[in-house]
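model-v4.txt (compact mmCIF, C-alpha atoms) appears below.
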# COMPACT_ATOMS: atom_id res chain seq x y z
CA MET S 1 227.29 118.14 226.64
CA SER S 2 230.76 118.50 225.19
CA ASN S 3 231.18 118.48 221.43
CA THR S 4 233.43 115.44 221.75
CA GLU S 5 230.59 113.23 222.99
CA ASN S 6 228.00 111.49 220.85
CA THR S 7 224.47 111.28 222.18
CA LYS S 8 224.21 107.55 221.63
CA PRO S 9 227.02 104.99 222.00
CA ILE S 10 227.51 102.63 219.03
CA PHE S 11 228.17 99.59 221.24
CA PRO S 12 226.94 98.39 224.63
CA LYS S 13 229.44 99.06 227.43
CA GLY S 14 230.49 95.41 227.81
CA ASP S 15 232.42 93.88 230.68
CA ARG S 16 234.51 95.55 233.37
CA THR S 17 238.22 95.21 232.57
CA SER S 18 240.62 93.48 234.95
CA SER S 19 242.20 95.68 237.62
CA ASN S 20 245.38 93.69 237.01
CA TYR S 21 245.85 95.55 233.72
CA PHE S 22 243.87 98.77 234.18
CA THR S 23 243.87 101.69 236.65
CA GLY S 24 240.37 103.07 237.28
CA SER S 25 237.15 101.89 235.66
CA ALA S 26 237.04 100.69 232.06
CA TRP S 27 234.78 98.36 230.08
CA VAL S 28 235.45 96.22 227.03
CA LYS S 29 232.91 94.94 224.51
CA ASN S 30 234.38 92.14 222.44
CA LEU S 31 233.53 92.67 218.75
CA VAL S 32 235.73 90.06 217.04
CA PRO S 33 237.13 87.32 219.28
CA GLY S 34 239.86 86.30 216.83
CA ASP S 35 240.39 83.09 214.88
CA ASP S 36 242.98 81.61 212.53
CA VAL S 37 241.10 82.83 209.44
CA LEU S 38 241.01 86.62 209.95
CA LYS S 39 243.78 86.57 212.60
CA THR S 40 242.36 89.77 214.11
CA VAL S 41 240.97 90.61 217.56
CA ILE S 42 238.73 93.67 217.93
CA GLY S 43 237.18 95.22 221.03
CA ASN S 44 235.48 98.48 221.96
CA VAL S 45 236.88 100.04 225.13
CA VAL S 46 235.22 102.69 227.31
CA PHE S 47 237.39 104.45 229.92
CA GLU S 48 235.94 106.56 232.74
CA PRO S 49 237.74 109.86 233.43
CA GLY S 50 241.25 109.10 234.76
CA ALA S 51 241.13 105.43 233.74
CA ARG S 52 243.96 103.95 231.65
CA ASN S 53 245.52 100.62 230.84
CA ASN S 54 248.96 99.45 232.01
CA TRP S 55 252.03 99.88 229.89
CA HIS S 56 251.85 97.05 227.34
CA ARG S 57 252.89 95.87 223.87
CA HIS S 58 251.37 93.90 221.00
CA GLY S 59 253.25 91.24 219.04
CA GLY S 60 251.19 91.93 215.92
CA GLY S 61 250.75 95.67 216.48
CA GLN S 62 247.51 97.57 217.12
CA ILE S 63 245.27 100.22 215.58
CA LEU S 64 243.11 102.51 217.75
CA ILE S 65 240.08 104.32 216.29
CA VAL S 66 238.72 107.00 218.61
CA THR S 67 234.92 107.31 218.55
CA ASP S 68 234.03 109.39 221.60
CA GLY S 69 235.39 111.59 224.39
CA LEU S 70 238.94 112.75 225.04
CA GLY S 71 241.93 110.56 225.79
CA TYR S 72 245.65 110.05 225.57
CA TYR S 73 248.12 107.67 223.92
CA GLN S 74 251.73 107.56 225.08
CA GLU S 75 254.73 105.67 223.74
CA LYS S 76 257.46 104.92 226.29
CA GLY S 77 259.92 107.81 226.45
CA LYS S 78 257.80 110.22 224.39
CA PRO S 79 255.22 112.91 225.23
CA ALA S 80 251.60 111.73 225.35
CA GLN S 81 249.30 112.54 222.41
CA LEU S 82 245.82 113.98 222.95
CA LEU S 83 243.15 111.99 221.10
CA ARG S 84 239.72 113.11 219.86
CA PRO S 85 236.92 111.39 217.93
CA GLY S 86 238.07 110.45 214.42
CA ASP S 87 241.74 110.12 215.42
CA VAL S 88 243.50 106.91 214.43
CA VAL S 89 246.68 105.58 216.06
CA GLN S 90 248.91 102.93 214.47
CA VAL S 91 250.98 101.12 217.11
CA PRO S 92 253.88 99.09 215.67
CA PRO S 93 254.62 95.60 217.01
CA ALA S 94 256.60 95.45 220.29
CA LEU S 95 256.32 99.19 221.02
CA VAL S 96 255.60 99.81 224.75
CA HIS S 97 252.66 102.22 225.25
CA TRP S 98 249.45 102.96 227.16
CA HIS S 99 246.12 104.63 226.38
CA GLY S 100 243.25 105.95 228.43
CA ALA S 101 240.91 108.80 229.29
CA GLY S 102 241.82 112.33 230.21
CA PRO S 103 241.32 113.33 233.86
CA ALA S 104 237.95 115.05 233.34
CA GLN S 105 236.22 113.20 230.49
CA SER S 106 235.44 109.65 229.42
CA PHE S 107 237.06 108.14 226.33
CA THR S 108 235.99 105.45 223.86
CA HIS S 109 238.02 103.73 221.17
CA ILE S 110 237.85 100.65 218.99
CA ALA S 111 241.04 98.58 219.45
CA ILE S 112 242.08 96.43 216.49
CA ASN S 113 244.79 93.78 216.93
CA PRO S 114 245.76 92.29 213.56
CA ASN S 115 248.42 89.63 212.92
CA MET S 116 247.47 87.69 216.05
CA GLN S 117 249.74 84.87 214.89
CA ASP S 118 252.54 87.20 216.08
CA GLY S 119 250.98 87.74 219.54
CA VAL S 120 248.09 89.82 220.87
CA VAL S 121 249.12 91.60 224.08
CA GLU S 122 251.79 91.47 226.79
CA TRP S 123 250.87 93.45 229.91
CA LEU S 124 253.54 95.33 231.85
CA GLU S 125 253.51 97.61 234.92
CA PRO S 126 250.74 100.14 235.72
CA VAL S 127 251.01 103.77 234.62
CA THR S 128 251.71 105.50 237.93
CA GLU S 129 249.82 108.57 239.11
CA LYS S 130 253.01 110.60 238.56
CA GLU S 131 253.43 109.29 234.99
CA TYR S 132 249.74 109.89 234.26
CA MET S 133 249.71 113.46 235.61
CA GLU S 134 252.86 114.32 233.66
CA ALA S 135 251.31 112.83 230.50
CA VAL S 136 248.08 114.81 230.74
CA GLY S 137 249.78 118.02 231.86
CA GLY S 138 248.17 117.94 235.31
CA MET B 1 215.73 111.87 212.89
CA SER B 2 215.79 108.09 212.98
CA ASN B 3 217.19 106.35 216.03
CA THR B 4 219.80 104.68 213.82
CA GLU B 5 221.50 107.97 213.01
CA ASN B 6 224.04 109.76 215.15
CA THR B 7 223.94 113.54 215.29
CA LYS B 8 227.60 113.95 214.43
CA PRO B 9 229.70 111.74 212.13
CA ILE B 10 232.97 110.43 213.62
CA PHE B 11 234.93 110.94 210.38
CA PRO B 12 234.82 113.45 207.51
CA LYS B 13 233.02 112.10 204.45
CA GLY B 14 236.19 111.65 202.38
CA ASP B 15 236.42 111.06 198.65
CA ARG B 16 233.76 109.96 196.19
CA THR B 17 234.19 106.27 195.35
CA SER B 18 234.76 105.09 191.77
CA SER B 19 231.64 104.42 189.72
CA ASN B 20 233.54 101.43 188.32
CA TYR B 21 233.04 99.60 191.62
CA PHE B 22 229.98 101.28 193.15
CA THR B 23 226.36 101.91 192.13
CA GLY B 24 225.03 105.23 193.42
CA SER B 25 226.89 107.72 195.58
CA ALA B 26 229.36 106.63 198.24
CA TRP B 27 232.37 108.22 199.92
CA VAL B 28 235.47 106.68 201.48
CA LYS B 29 237.74 108.23 204.09
CA ASN B 30 241.04 106.37 204.27
CA LEU B 31 241.98 105.75 207.92
CA VAL B 32 244.94 103.35 207.61
CA PRO B 33 246.56 103.16 204.13
CA GLY B 34 248.29 99.84 204.84
CA ASP B 35 251.96 98.93 205.10
CA ASP B 36 254.08 95.82 205.57
CA VAL B 37 254.23 96.32 209.36
CA LEU B 38 250.52 96.20 210.35
CA LYS B 39 249.42 94.61 207.04
CA THR B 40 245.97 96.17 207.47
CA VAL B 41 243.97 98.65 205.36
CA ILE B 42 241.10 100.56 207.03
CA GLY B 43 238.58 102.97 205.55
CA ASN B 44 235.31 104.57 206.59
CA VAL B 45 232.60 104.28 203.95
CA VAL B 46 229.40 106.37 203.71
CA PHE B 47 226.68 105.15 201.31
CA GLU B 48 223.74 107.32 200.25
CA PRO B 49 220.33 105.59 200.18
CA GLY B 50 220.35 102.91 197.46
CA ALA B 51 224.14 103.00 197.01
CA ARG B 52 226.15 99.76 197.18
CA ASN B 53 229.45 98.36 196.05
CA ASN B 54 229.90 95.72 193.33
CA TRP B 55 230.15 92.06 194.13
CA HIS B 56 233.74 91.55 195.32
CA ARG B 57 236.09 89.43 197.45
CA HIS B 58 239.07 89.97 199.73
CA GLY B 59 242.17 87.77 199.71
CA GLY B 60 242.82 88.46 203.40
CA GLY B 61 239.16 88.71 204.46
CA GLN B 62 237.36 91.76 205.84
CA ILE B 63 235.59 93.00 208.96
CA LEU B 64 232.77 95.57 208.77
CA ILE B 65 231.81 97.65 211.83
CA VAL B 66 228.51 99.51 211.36
CA THR B 67 228.45 102.95 212.96
CA ASP B 68 225.42 104.71 211.47
CA GLY B 69 222.28 104.26 209.39
CA LEU B 70 220.76 101.10 207.94
CA GLY B 71 222.35 98.82 205.35
CA TYR B 72 222.70 95.35 203.95
CA TYR B 73 225.39 92.69 203.55
CA GLN B 74 224.88 89.80 201.17
CA GLU B 75 226.98 86.72 200.47
CA LYS B 76 226.56 85.21 196.98
CA GLY B 77 223.69 82.72 196.97
CA LYS B 78 222.36 83.67 200.43
CA PRO B 79 219.69 86.10 201.68
CA ALA B 80 220.93 89.61 202.51
CA GLN B 81 221.42 90.58 206.17
CA LEU B 82 220.06 93.85 207.55
CA LEU B 83 222.74 95.83 209.41
CA ARG B 84 222.34 98.43 212.15
CA PRO B 85 224.82 100.49 214.21
CA GLY B 86 226.93 98.24 216.42
CA ASP B 87 226.68 95.24 214.08
CA VAL B 88 229.94 93.55 213.07
CA VAL B 89 230.38 91.34 209.99
CA GLN B 90 233.31 88.96 209.53
CA VAL B 91 233.89 88.20 205.85
CA PRO B 92 236.16 85.17 205.23
CA PRO B 93 238.83 85.34 202.52
CA ALA B 94 237.63 84.72 198.93
CA LEU B 95 233.90 84.89 199.78
CA VAL B 96 231.97 86.87 197.14
CA HIS B 97 229.71 89.52 198.70
CA TRP B 98 228.46 93.11 198.55
CA HIS B 99 227.40 95.76 201.09
CA GLY B 100 225.54 99.03 200.91
CA ALA B 101 222.72 101.23 202.13
CA GLY B 102 219.05 100.36 202.29
CA PRO B 103 216.77 102.09 199.76
CA ALA B 104 215.57 104.83 202.11
CA GLN B 105 218.44 105.56 204.49
CA SER B 106 222.16 106.24 204.38
CA PHE B 107 224.64 103.77 205.83
CA THR B 108 228.11 104.11 207.35
CA HIS B 109 230.62 101.40 208.24
CA ILE B 110 234.30 101.06 209.03
CA ALA B 111 235.87 98.49 206.67
CA ILE B 112 238.93 96.65 208.01
CA ASN B 113 241.07 94.57 205.63
CA PRO B 114 243.67 92.57 207.57
CA ASN B 115 246.23 90.15 206.13
CA MET B 116 246.88 92.36 203.12
CA GLN B 117 249.82 90.11 202.19
CA ASP B 118 247.06 87.73 200.99
CA GLY B 119 245.35 90.39 198.85
CA VAL B 120 243.07 93.35 199.58
CA VAL B 121 240.16 93.42 197.12
CA GLU B 122 239.11 91.97 193.77
CA TRP B 123 236.15 93.76 192.19
CA LEU B 124 233.53 91.81 190.23
CA GLU B 125 230.28 92.75 188.47
CA PRO B 126 227.78 95.37 189.76
CA VAL B 127 224.82 94.35 191.94
CA THR B 128 221.94 94.76 189.49
CA GLU B 129 218.76 96.65 190.33
CA LYS B 130 216.92 93.29 190.36
CA GLU B 131 219.45 91.72 192.75
CA TYR B 132 219.35 94.79 194.97
CA MET B 133 215.56 94.97 195.15
CA GLU B 134 215.34 91.26 195.94
CA ALA B 135 217.97 91.67 198.66
CA VAL B 136 216.21 94.55 200.39
CA GLY B 137 212.74 93.07 199.99
CA GLY B 138 211.61 95.84 197.61

Starting from the file, lay out its structure as structure tokens.
Amino acid sequence: MSNTENTKPIFPKGDRTSSNYFTGSAWVKNLVPGDDVLKTVIGNVVFEPGARNNWHRHGGGQILIVTDGLGYYQEKGKPAQLLRPGDVVQVPPALVHWHGAGPAQSFTHIAINPNMQDGVVEWLEPVTEKEYMEAVGG
Amino acid sequence: MSNTENTKPIFPKGDRTSSNYFTGSAWVKNLVPGDDVLKTVIGNVVFEPGARNNWHRHGGGQILIVTDGLGYYQEKGKPAQLLRPGDVVQVPPALVHWHGAGPAQSFTHIAINPNMQDGVVEWLEPVTEKEYMEAVGG
């Protein structure tokens, strides 16, 4: 077992994500559905190796907290960043980006969407195989 | 090793918390310091057995995500709730409450404070030994 993997997941795997917005297999466990009091949506996302979400943006921004595995985060027009357990990513509102697993290992993060009064997510086009392989150095 | 404890913490332990606001030993690792873009403060808190924070409230509310150990959350005037890894607590704005470890096991949670434009935290009086022992059924 790799030293980036915990022996026991914190959350159940949840529901398969929509293939309209993801490439490969990923699961989301809803943790906080979001209401007009806390104005925050939180989910735990598990990506199988090679899986990633589409390019997308958040009206209220997003914070990712990596809890397991190895993955990547890429902002449009910039090099991808490698992510390990304990890493935290702050995504400003409206910034186009994607996140997902590396090619050979699964990846788990908590995704926090605050300020939902400003919008939660707008999905864009898939991350192509060419874009993905360039991002992960493959 | 108990089945509520992971073998490897996700975050480093961080800094010792102030004895003005905590009883017993606890550590906080700041994950998101908070700014006027995401308006969210996030920290990881580790409580030693018996440690807890004072009664307090959050102007913008709070979300707790339990990642390790066994602990308690209590709202003023209600019975305490036992918390295990994977549990999530949504604390509405202005509600007086405390959280901390059980008497015999450490406890770790991620604490998310959204809507910081409405206030982050207001500390109140310590949870007395009598209140704590009643809460944990001791």

Residue with smallest distance to chain B - pool S:Leu82, S:Ala26, S:Leu124, S:Val89, counting only C-alpha atoms: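 Nearest candidate to chain B out of S:Leu82, S:Ala26, S:Leu124, S:Val89: S:Val89.
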
Check: which chain S residues lie within 9 Å of chain B using all atoms listed in the file, as a ChimeraX atom specification: /S:6-12,31-32,37-40,60-63,65-68,85-93,114-115

As lines of an AutoDock Vina configuration file, please: the centre and edge lengths in Å, to one decimal, of an axis-aligned box enclosing every listed atom of segment 57-67 of chain B with 6 Å added on each side.
center_x = 235.6
center_y = 95.4
center_z = 205.2
size_x = 26.4
size_y = 27.2
size_z = 27.5

Atomic separation - atom CA of Ala94 of chain S relative to atom CA of Val121 of chain S, Å: 9.2 Å

Nearby residues (all atoms listed in the file) at most 7 Å from Lys29 of chain B, same-chain spacing under 2 positions excluded, as a ChimeraX atom specification: /B:12-15,27,31,43-45

Distance of atom CA of Asn20 of chain B from atom CA of Gly71 of chain B, expressed in Å to one decimal place: 20.5 Å

Counting all atoms listed in the file, the residue of S:Glu75, S:Val46, S:Ala104, S:Ala51 that sits nearest Gly24 of chain S: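 With all atoms listed in the file as the atom set, the closest residue is S:Ala51.
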
From the coordinates supplied, segment 10-90 of chain B should be written with C-alpha atoms, as a compact mmCIF listing (two decimals), in the first residue's frame.
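Listing of selection_16.txt after writing:
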# COMPACT_ATOMS: atom_id res chain seq x y z
CA ILE B 10 -4.11 13.84 7.26
CA PHE B 11 -2.69 17.08 8.68
CA PRO B 12 0.21 17.99 10.98
CA LYS B 13 -0.91 18.69 14.55
CA GLY B 14 -0.38 22.46 14.33
CA ASP B 15 -0.25 24.92 17.20
CA ARG B 16 -1.40 24.53 20.79
CA THR B 17 -4.74 26.29 21.31
CA SER B 18 -5.15 29.08 23.87
CA SER B 19 -6.04 27.99 27.39
CA ASN B 20 -8.33 31.04 27.46
CA TYR B 21 -10.76 29.23 25.16
CA PHE B 22 -9.99 25.54 25.70
CA THR B 23 -9.89 23.14 28.67
CA GLY B 24 -7.17 20.51 28.34
CA SER B 25 -4.77 20.09 25.43
CA ALA B 26 -5.82 20.78 21.85
CA TRP B 27 -3.99 21.76 18.67
CA VAL B 28 -5.15 23.69 15.61
CA LYS B 29 -3.68 23.57 12.12
CA ASN B 30 -4.87 26.51 10.06
CA LEU B 31 -5.93 25.32 6.58
CA VAL B 32 -7.63 28.42 5.13
CA PRO B 33 -6.90 31.72 6.96
CA GLY B 34 -9.90 33.51 5.45
CA ASP B 35 -10.12 36.46 3.07
CA ASP B 36 -12.80 38.64 1.51
CA VAL B 37 -12.95 36.47 -1.62
CA LEU B 38 -13.94 33.04 -0.21
CA LYS B 39 -15.12 34.48 3.15
CA THR B 40 -14.34 31.14 4.81
CA VAL B 41 -11.96 30.15 7.64
CA ILE B 42 -10.96 26.48 7.96
CA GLY B 43 -8.85 24.73 10.59
CA ASN B 44 -8.11 21.18 11.66
CA VAL B 45 -8.45 20.65 15.41
CA VAL B 46 -7.00 17.75 17.45
CA PHE B 47 -8.28 17.32 21.02
CA GLU B 48 -6.57 15.08 23.58
CA PRO B 49 -8.88 12.90 25.71
CA GLY B 50 -11.00 15.15 27.94
CA ALA B 51 -10.11 18.34 26.05
CA ARG B 52 -12.88 20.64 24.80
CA ASN B 53 -13.41 24.22 23.77
CA ASN B 54 -15.40 26.81 25.75
CA TRP B 55 -19.04 27.48 25.06
CA HIS B 56 -19.04 29.73 21.97
CA ARG B 57 -21.01 30.89 18.92
CA HIS B 58 -20.31 31.77 15.30
CA GLY B 59 -21.84 34.77 13.52
CA GLY B 60 -21.69 32.99 10.15
CA GLY B 61 -22.34 29.47 11.48
CA GLN B 62 -19.97 26.49 11.37
CA ILE B 63 -19.65 23.01 9.88
CA LEU B 64 -17.67 20.26 11.66
CA ILE B 65 -16.38 17.23 9.72
CA VAL B 66 -15.13 14.45 12.02
CA THR B 67 -12.09 12.61 10.68
CA ASP B 68 -10.72 10.64 13.64
CA GLY B 69 -11.39 9.50 17.18
CA LEU B 70 -14.48 9.96 19.34
CA GLY B 71 -15.93 13.25 20.53
CA TYR B 72 -18.98 15.22 21.53
CA TYR B 73 -20.96 18.23 20.32
CA GLN B 74 -23.44 19.93 22.61
CA GLU B 75 -25.89 22.76 22.00
CA LYS B 76 -26.83 24.81 25.09
CA GLY B 77 -29.78 23.22 26.87
CA LYS B 78 -29.71 19.96 24.86
CA PRO B 79 -28.09 16.54 25.39
CA ALA B 80 -24.60 16.13 23.89
CA GLN B 81 -24.21 14.18 20.64
CA LEU B 82 -21.55 11.49 20.25
CA LEU B 83 -19.45 12.01 17.12
CA ARG B 84 -17.49 9.46 15.09
CA PRO B 85 -15.38 9.69 11.90
CA GLY B 86 -17.53 10.66 8.93
CA ASP B 87 -20.08 12.56 11.04
CA VAL B 88 -20.90 16.11 9.95
CA VAL B 89 -22.43 18.79 12.21
CA GLN B 90 -24.08 21.94 10.89
